[in-house]
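Visitor: Next up, protein22.cif (mmCIF, C-alpha atoms).
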data_entry
#
loop_
_atom_site.group_PDB
_atom_site.id
_atom_site.type_symbol
_atom_site.label_atom_id
_atom_site.label_comp_id
_atom_site.auth_asym_id
_atom_site.auth_seq_id
_atom_site.Cartn_x
_atom_site.Cartn_y
_atom_site.Cartn_z
ATOM 1 C CA MET A 393 0.000 0.000 0.000
ATOM 2 C CA PRO A 394 1.564 3.310 -1.069
ATOM 3 C CA ASP A 395 2.379 5.841 1.642
ATOM 4 C CA PRO A 396 -0.247 8.653 1.535
ATOM 5 C CA GLN A 397 2.408 11.262 2.280
ATOM 6 C CA GLU A 398 4.503 10.052 -0.640
ATOM 7 C CA LEU A 399 1.464 10.212 -2.896
ATOM 8 C CA ASP A 400 0.833 13.792 -1.705
ATOM 9 C CA GLN A 401 4.433 14.735 -2.480
ATOM 10 C CA THR A 402 4.388 13.125 -5.915
ATOM 11 C CA PHE A 403 1.060 14.739 -6.798
ATOM 12 C CA HIS A 404 2.324 18.131 -5.688
ATOM 13 C CA PHE A 405 5.584 17.770 -7.593
ATOM 14 C CA ILE A 406 3.753 16.904 -10.817
ATOM 15 C CA MET A 407 1.265 19.738 -10.329
ATOM 16 C CA GLN A 408 4.062 22.236 -9.717
ATOM 17 C CA SER A 409 5.950 20.997 -12.770
ATOM 18 C CA PHE A 410 2.927 21.731 -14.926
ATOM 19 C CA VAL A 411 2.399 25.153 -13.354
ATOM 20 C CA GLU A 412 6.026 26.201 -13.748
ATOM 21 C CA ARG A 413 6.858 24.914 -17.215
ATOM 22 C CA GLY A 414 3.623 23.802 -18.879
ATOM 23 C CA GLN A 415 4.634 20.133 -19.011
ATOM 24 C CA GLY A 416 4.427 17.185 -16.695
ATOM 25 C CA PRO A 417 7.620 15.463 -15.553
ATOM 26 C CA HIS A 418 9.050 12.140 -16.697
ATOM 27 C CA PHE A 419 9.332 9.526 -13.945
ATOM 28 C CA THR A 420 13.108 9.964 -13.941
ATOM 29 C CA GLU A 421 12.506 13.568 -12.852
ATOM 30 C CA ILE A 422 10.208 12.343 -10.098
ATOM 31 C CA ALA A 423 12.978 9.984 -9.031
ATOM 32 C CA LYS A 424 15.555 12.756 -8.989
ATOM 33 C CA ALA A 425 13.295 15.102 -7.014
ATOM 34 C CA PHE A 426 12.863 12.534 -4.249
ATOM 35 C CA ALA A 427 16.326 10.908 -4.358
ATOM 36 C CA LEU A 428 14.940 7.631 -5.716
ATOM 37 C CA THR A 429 16.103 5.214 -8.360
ATOM 38 C CA PRO A 430 14.422 5.572 -11.757
ATOM 39 C CA GLN A 431 12.501 2.364 -11.097
ATOM 40 C CA GLN A 432 11.230 3.734 -7.771
ATOM 41 C CA GLY A 433 10.230 6.965 -9.499
ATOM 42 C CA ARG A 434 8.280 4.982 -12.075
ATOM 43 C CA GLN A 435 6.514 3.087 -9.318
ATOM 44 C CA ARG A 436 5.659 6.355 -7.529
ATOM 45 C CA LEU A 437 4.026 7.597 -10.726
ATOM 46 C CA ARG A 438 2.115 4.365 -11.247
ATOM 47 C CA ASP A 439 0.950 4.313 -7.625
ATOM 48 C CA LEU A 440 -0.362 7.857 -7.944
ATOM 49 C CA MET A 441 -2.160 7.181 -11.201
ATOM 50 C CA ALA A 442 -3.923 4.230 -9.547
ATOM 51 C CA VAL A 443 -5.648 6.250 -6.794
ATOM 52 C CA GLY A 444 -8.542 7.427 -8.967
ATOM 53 C CA ILE A 445 -7.607 11.015 -9.786
ATOM 54 C CA PRO A 446 -8.635 12.369 -13.218
ATOM 55 C CA ALA A 447 -5.257 11.623 -14.776
ATOM 56 C CA TRP A 448 -3.854 8.915 -17.024
ATOM 57 C CA LEU A 449 -0.728 7.675 -18.747
ATOM 58 C CA HIS A 450 -0.390 7.342 -22.492
ATOM 59 C CA PRO A 451 -1.445 3.733 -23.213
ATOM 60 C CA GLY A 452 1.421 1.279 -23.049
ATOM 61 C CA THR A 453 3.851 3.821 -21.607
ATOM 62 C CA ASP A 454 4.837 5.528 -18.363
ATOM 63 C CA LEU A 455 4.356 8.965 -19.911
ATOM 64 C CA ILE A 456 1.837 11.331 -18.352
ATOM 65 C CA ALA A 457 -0.838 12.043 -20.963
ATOM 66 C CA SER A 458 -3.211 14.022 -18.782
ATOM 67 C CA PHE A 459 -3.207 15.315 -15.235
ATOM 68 C CA ALA A 460 -6.223 17.447 -14.394
ATOM 69 C CA PRO A 461 -6.575 20.311 -14.917
ATOM 70 C CA PHE A 462 -3.604 20.036 -17.278
ATOM 71 C CA ASN A 463 -3.076 18.012 -20.420
ATOM 72 C CA ASN A 464 0.407 16.947 -21.439
ATOM 73 C CA LEU A 465 -0.686 16.604 -25.065
ATOM 74 C CA PRO A 466 -2.034 19.639 -26.897
ATOM 75 C CA THR A 467 -5.807 20.011 -26.762
ATOM 76 C CA GLN A 468 -8.109 22.650 -28.207
ATOM 77 C CA TYR A 469 -8.093 24.355 -24.793
ATOM 78 C CA ARG A 470 -5.137 26.701 -24.916
ATOM 79 C CA ILE A 471 -4.285 28.432 -21.647
ATOM 80 C CA THR A 472 -2.456 31.736 -21.381
ATOM 81 C CA VAL A 473 -1.103 33.219 -18.138
ATOM 82 C CA ASP A 474 1.070 36.350 -17.899
ATOM 83 C CA GLY A 475 1.181 36.534 -21.695
ATOM 84 C CA ALA A 476 2.599 33.007 -22.080
ATOM 85 C CA GLN A 477 0.546 30.303 -23.805
ATOM 86 C CA LYS A 478 2.282 27.167 -22.598
ATOM 87 C CA TRP A 479 -0.510 25.131 -21.020
ATOM 88 C CA PHE A 480 -3.333 22.983 -22.306
ATOM 89 C CA ALA A 481 -6.423 22.062 -20.307
ATOM 90 C CA GLN A 482 -7.767 18.532 -20.087
ATOM 91 C CA CYS A 483 -11.261 19.619 -21.199
ATOM 92 C CA ALA A 484 -13.632 22.584 -21.132
ATOM 93 C CA LEU A 485 -14.617 22.004 -17.501
ATOM 94 C CA GLU A 486 -11.007 21.663 -16.388
ATOM 95 C CA SER A 487 -10.038 24.798 -18.318
ATOM 96 C CA MET A 488 -12.232 26.647 -15.836
ATOM 97 C CA ALA A 489 -10.475 24.998 -12.879
ATOM 98 C CA MET A 490 -7.112 26.125 -14.234
ATOM 99 C CA CYS A 491 -7.469 29.408 -12.317
ATOM 100 C CA TRP A 492 -6.922 27.562 -9.003
ATOM 101 C CA ALA A 493 -3.411 26.617 -10.139
ATOM 102 C CA PHE A 494 -2.616 30.288 -10.768
ATOM 103 C CA PRO A 495 -4.091 32.184 -7.791
ATOM 104 C CA GLY A 496 -4.532 35.908 -8.330
ATOM 105 C CA LYS A 497 -3.639 35.712 -12.004
ATOM 106 C CA LEU A 498 -5.801 36.246 -15.065
ATOM 107 C CA VAL A 499 -6.157 32.915 -16.860
ATOM 108 C CA GLN A 500 -7.148 33.141 -20.509
ATOM 109 C CA VAL A 501 -8.801 30.197 -22.239
ATOM 110 C CA ASP A 502 -8.876 30.066 -26.026
ATOM 111 C CA ALA A 503 -10.681 27.369 -27.960
ATOM 112 C CA ASN A 504 -12.889 26.940 -30.980
ATOM 113 C CA CYS A 505 -16.534 25.950 -31.115
ATOM 114 C CA LEU A 506 -16.722 22.344 -32.331
ATOM 115 C CA GLN A 507 -19.843 23.139 -34.381
ATOM 116 C CA SER A 508 -19.186 26.555 -35.930
ATOM 117 C CA GLY A 509 -15.408 26.668 -35.624
ATOM 118 C CA ASP A 510 -15.708 30.192 -34.245
ATOM 119 C CA PRO A 511 -13.088 31.341 -31.748
ATOM 120 C CA LEU A 512 -14.123 31.285 -28.104
ATOM 121 C CA HIS A 513 -12.378 33.287 -25.417
ATOM 122 C CA LEU A 514 -12.657 33.254 -21.639
ATOM 123 C CA GLU A 515 -10.868 35.243 -18.970
ATOM 124 C CA ILE A 516 -11.067 33.908 -15.420
ATOM 125 C CA ARG A 517 -9.442 35.023 -12.205
ATOM 126 C CA ASP A 518 -9.855 33.176 -8.900
ATOM 127 C CA GLY A 519 -13.120 31.586 -9.968
ATOM 128 C CA VAL A 520 -14.655 34.764 -11.389
ATOM 129 C CA ILE A 521 -15.420 34.908 -15.116
ATOM 130 C CA GLU A 522 -14.226 38.400 -16.057
ATOM 131 C CA ARG A 523 -14.901 38.029 -19.789
ATOM 132 C CA ALA A 524 -16.640 35.526 -22.047
ATOM 133 C CA ASP A 525 -16.691 36.033 -25.802
ATOM 134 C CA PRO A 526 -19.251 35.250 -27.030
ATOM 135 C CA PRO A 527 -21.206 35.652 -23.792
ATOM 136 C CA GLY A 528 -23.649 32.854 -24.680
ATOM 137 C CA MET A 529 -21.026 30.133 -24.907
ATOM 138 C CA CYS A 530 -21.714 26.919 -23.030
ATOM 139 C CA GLY A 531 -20.324 23.471 -22.352
ATOM 140 C CA TYR A 532 -21.715 20.145 -23.511
ATOM 141 C CA ILE A 533 -20.846 16.600 -22.574
ATOM 142 C CA VAL A 534 -22.513 13.595 -24.134
ATOM 143 C CA VAL A 535 -21.410 11.138 -21.428
ATOM 144 C CA PRO A 536 -23.493 10.877 -18.216
ATOM 145 C CA TYR A 537 -21.468 11.703 -15.108
ATOM 146 C CA ARG A 538 -21.566 8.132 -13.780
ATOM 147 C CA ASP A 539 -19.762 6.918 -16.914
ATOM 148 C CA TRP A 540 -16.919 9.452 -16.966
ATOM 149 C CA ARG A 541 -14.441 7.050 -15.400
ATOM 150 C CA LYS A 542 -15.109 4.366 -17.994
ATOM 151 C CA ASP A 543 -13.413 6.542 -20.604
ATOM 152 C CA SER A 544 -11.933 9.646 -19.005
ATOM 153 C CA ALA A 545 -10.146 10.748 -22.151
ATOM 154 C CA PHE A 546 -13.380 10.772 -24.149
ATOM 155 C CA ALA A 547 -15.401 12.407 -21.360
ATOM 156 C CA MET B 911 -16.746 18.298 -22.038
ATOM 157 C CA ASN B 912 -16.377 20.750 -24.914
ATOM 158 C CA PHE B 913 -17.184 24.408 -25.368
ATOM 159 C CA PHE B 914 -19.716 25.651 -27.913
ATOM 160 C CA ARG B 915 -20.586 29.126 -29.125
ATOM 161 C CA SER B 916 -24.162 28.682 -27.924
ATOM 162 C CA GLU B 917 -26.627 26.058 -26.777
ATOM 163 C CA GLU B 918 -28.012 25.985 -30.307
ATOM 164 C CA ASP B 919 -24.550 25.159 -31.639
ATOM 165 C CA ALA B 920 -24.210 22.340 -29.115
ATOM 166 C CA ARG B 921 -27.537 20.873 -30.217
ATOM 167 C CA GLN B 922 -26.558 21.108 -33.894
ATOM 168 C CA TRP B 923 -23.153 19.480 -33.358
ATOM 169 C CA TRP B 924 -22.667 16.138 -35.139
ATOM 170 C CA GLY B 925 -21.759 14.528 -31.815
ATOM 171 C CA PHE B 926 -24.918 15.641 -30.021
ATOM 172 C CA VAL B 927 -27.106 12.788 -28.801
ATOM 173 C CA GLU B 928 -30.840 13.183 -28.286
ATOM 174 C CA GLY B 929 -31.754 12.727 -24.646
ATOM 175 C CA THR B 930 -28.505 14.225 -23.329
ATOM 176 C CA GLU B 931 -29.737 17.831 -23.203
ATOM 177 C CA ALA B 932 -28.886 17.886 -19.493
ATOM 178 C CA GLY B 933 -25.258 17.661 -20.561
ATOM 179 C CA ILE B 934 -25.425 21.272 -21.757
ATOM 180 C CA LEU B 935 -24.304 23.691 -19.041
ATOM 181 C CA PRO B 936 -24.031 27.481 -19.056
ATOM 182 C CA LEU B 937 -20.654 28.952 -18.140
ATOM 183 C CA ALA B 938 -21.801 30.141 -14.722
ATOM 184 C CA ASP B 939 -22.861 26.614 -13.772
ATOM 185 C CA MET B 940 -19.587 25.172 -15.042
ATOM 186 C CA MET B 941 -17.633 27.687 -12.989
ATOM 187 C CA ALA B 942 -19.706 26.923 -9.893
ATOM 188 C CA ILE B 943 -19.024 23.192 -10.240
ATOM 189 C CA MET B 944 -15.326 23.767 -10.835
ATOM 190 C CA SER B 945 -15.064 25.994 -7.759
ATOM 191 C CA ALA B 946 -15.643 23.155 -5.303
ATOM 192 C CA SER B 947 -12.860 22.331 -2.851
ATOM 193 C CA ALA B 948 -12.012 19.219 -4.856
ATOM 194 C CA LEU B 949 -10.720 21.552 -7.566
ATOM 195 C CA ARG B 950 -9.549 24.541 -5.522
ATOM 196 C CA GLU B 951 -7.325 22.496 -3.220
ATOM 197 C CA ARG B 952 -5.242 20.679 -5.822
ATOM 198 C CA THR B 953 -2.122 22.687 -5.017
ATOM 199 C CA ASN B 954 -2.324 22.490 -1.221
ATOM 200 C CA GLY B 955 0.435 19.877 -0.931
ATOM 201 C CA ARG B 956 -1.722 17.237 0.762
ATOM 202 C CA TYR B 957 -4.336 16.715 -1.897
ATOM 203 C CA ILE B 958 -4.320 12.933 -2.191
ATOM 204 C CA SER B 959 -4.562 12.281 1.541
ATOM 205 C CA SER B 960 -7.450 14.741 1.893
ATOM 206 C CA MET B 961 -9.365 14.341 -1.371
ATOM 207 C CA ARG B 962 -11.944 11.970 0.094
ATOM 208 C CA ARG B 963 -13.109 14.845 2.288
ATOM 209 C CA TYR B 964 -13.805 16.965 -0.789
ATOM 210 C CA LEU B 965 -15.926 14.462 -2.678
ATOM 211 C CA PRO B 966 -19.293 14.909 -0.883
ATOM 212 C CA GLU B 967 -19.200 18.679 -1.468
ATOM 213 C CA PHE B 968 -18.333 18.183 -5.133
ATOM 214 C CA ILE B 969 -21.125 15.678 -5.725
ATOM 215 C CA GLY B 970 -23.569 17.834 -3.766
ATOM 216 C CA ARG B 971 -22.688 20.880 -5.789
ATOM 217 C CA ILE B 972 -23.204 19.058 -9.076
ATOM 218 C CA MET B 973 -26.592 17.791 -7.947
ATOM 219 C CA GLU B 974 -27.641 21.226 -6.681
ATOM 220 C CA ILE B 975 -26.610 23.019 -9.867
ATOM 221 C CA THR B 976 -28.133 20.438 -12.185
ATOM 222 C CA HIS B 977 -31.301 20.165 -10.065
ATOM 223 C CA ASN B 978 -30.675 16.480 -9.385
ATOM 224 C CA ALA B 979 -30.816 15.606 -13.061
ATOM 225 C CA PRO B 980 -30.364 11.838 -13.523
ATOM 226 C CA PHE B 981 -27.740 12.599 -16.208
ATOM 227 C CA TRP B 982 -25.514 14.036 -13.479
ATOM 228 C CA SER B 983 -26.239 11.399 -10.862
ATOM 229 C CA LEU B 984 -23.696 8.715 -10.018
ATOM 230 C CA ARG B 985 -26.530 6.206 -9.917
ATOM 231 C CA GLY B 986 -29.583 7.377 -11.872
ATOM 232 C CA GLY B 987 -30.405 6.719 -15.498
ATOM 233 C CA ALA B 988 -29.892 9.363 -18.155
#
Let me see the file written as structure tokens.

Guide:
Amino acid sequence: MPDPQELDQTFHFIMQSFVERGQGPHFTEIAKAFALTPQQGRQRLRDLMAVGIPAWLHPGTDLIASFAPFNNLPTQYRITVDGAQKWFAQCALESMAMCWAFPGKLVQVDANCLQSGDPLHLEIRDGVIERADPPGMCGYIVVPYRDWRKDSAFA
Amino acid sequence: MNFFRSEEDARQWWGFVEGTEAGILPLADMMAIMSASALRERTNGRYISSMRRYLPEFIGRIMEITHNAPFWSLRGGA
């Protein structure tokens, strides 16, 4: 059974890596951060991914594909903070949670409507939507909430 | 979940499925759901060991905002 404190530390390290550089770490970086062997770092990552958080590895690898609210692969949800567009959100909902990773800062979300292709723009700070263009934009998910975990990437 | 220019656009999208209208949420509702502690506390340094505490609030908020729609229930039918 993994140590809860170690899981906390690994989660926090990965989250901070995304915040600081826009990318998740490789397990060798996790190992280095905690003075572990590469194999132990890999196990730390696998243990964390098994606890049920909305995150997953690329199939057949030990590479972080997604780690809510961030995505390690480009998505249509481009995130800009302090003039730098170096983050991608996991989905529309998680793009709105991105503000909690950047407290006090204006988080800009840029995407395109999947129907019209029109550009969509949001500005959020600390949970307050300061601008939405167009103002009538909305979110839609086809998968009922109870089924999200069956296919998190699709949901 | 994906963003759409309007509810009409969401309904016209090729991926829209009849009977899943409850899956359309206005921005304010999305923001309210994503402001629960389960999302706000991700950078607190002890997230994994405390996340079970956040779950009831998160589920409760979803059910409140969606007016207990079966689509958003962990148990009900869509």

Visitor: Written as a PyMOL selection string, what is the full residue list that the PyMOL selection byres ((chain B) within 6 of (chain A)) yields on the file shown?

Guide: chain B and resi 911-916+919+923+933-937+944+950+955-959+981-982+984

Visitor: Written as a count of residues only, what is the full residue list that the PyMOL selection byres ((chain B and resi 976) around 12) yields on the file shown?

Guide: 26

Visitor: Figure out the distance between CA of Asn464 (chain A) and CA of Phe426 (chain A), please, to one decimal in Å.

Guide: 21.7 Å

Visitor: Between A:Ala442, A:Arg436, A:Thr472, A:Leu449, which one has atoms that come closest to Lys424 (chain A), using all atoms listed in the file?

Guide: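 Using all atoms listed in the file, Lys424 (chain A) sits closest to A:Arg436.
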
Visitor: Would you compute the distance between CA of Glu918 (chain B) and CA of Leu465 (chain A)? Give it in Å to one decimal.

Guide: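 CA of Leu465 (chain A) lies at a distance of 29.4 Å from CA of Glu918 (chain B).
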
Visitor: Report, in Å with one decimal, the straight-line distance from CA of Pro417 (chain A) to CA of Leu965 (chain B).

Guide: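 Between CA of Pro417 (chain A) and CA of Leu965 (chain B) the gap is 26.9 Å.
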
Visitor: Would you write out, as a VMD selection string, every residue that the PyMOL selection byres ((chain A and resi 422) around 9) captures in this file?

Guide: chain A and resid 402 405 to 406 417 to 421 423 to 428 430 432 to 434 436 to 437

Visitor: Identify, on the basis of all atoms listed in the file, every residue whose closest approach to Ile471 (chain A) does not exceed 9 Å; exclude the query and any residue fewer than 2 positions from it along the same chain; express the result as a list in words.

Guide: Tyr469, Val473, Ala476, Gln477, Lys478, Trp479, Phe480, Ala481, Ser487, Met490, Val499, Gln500, Val501 and Asp502 of chain A
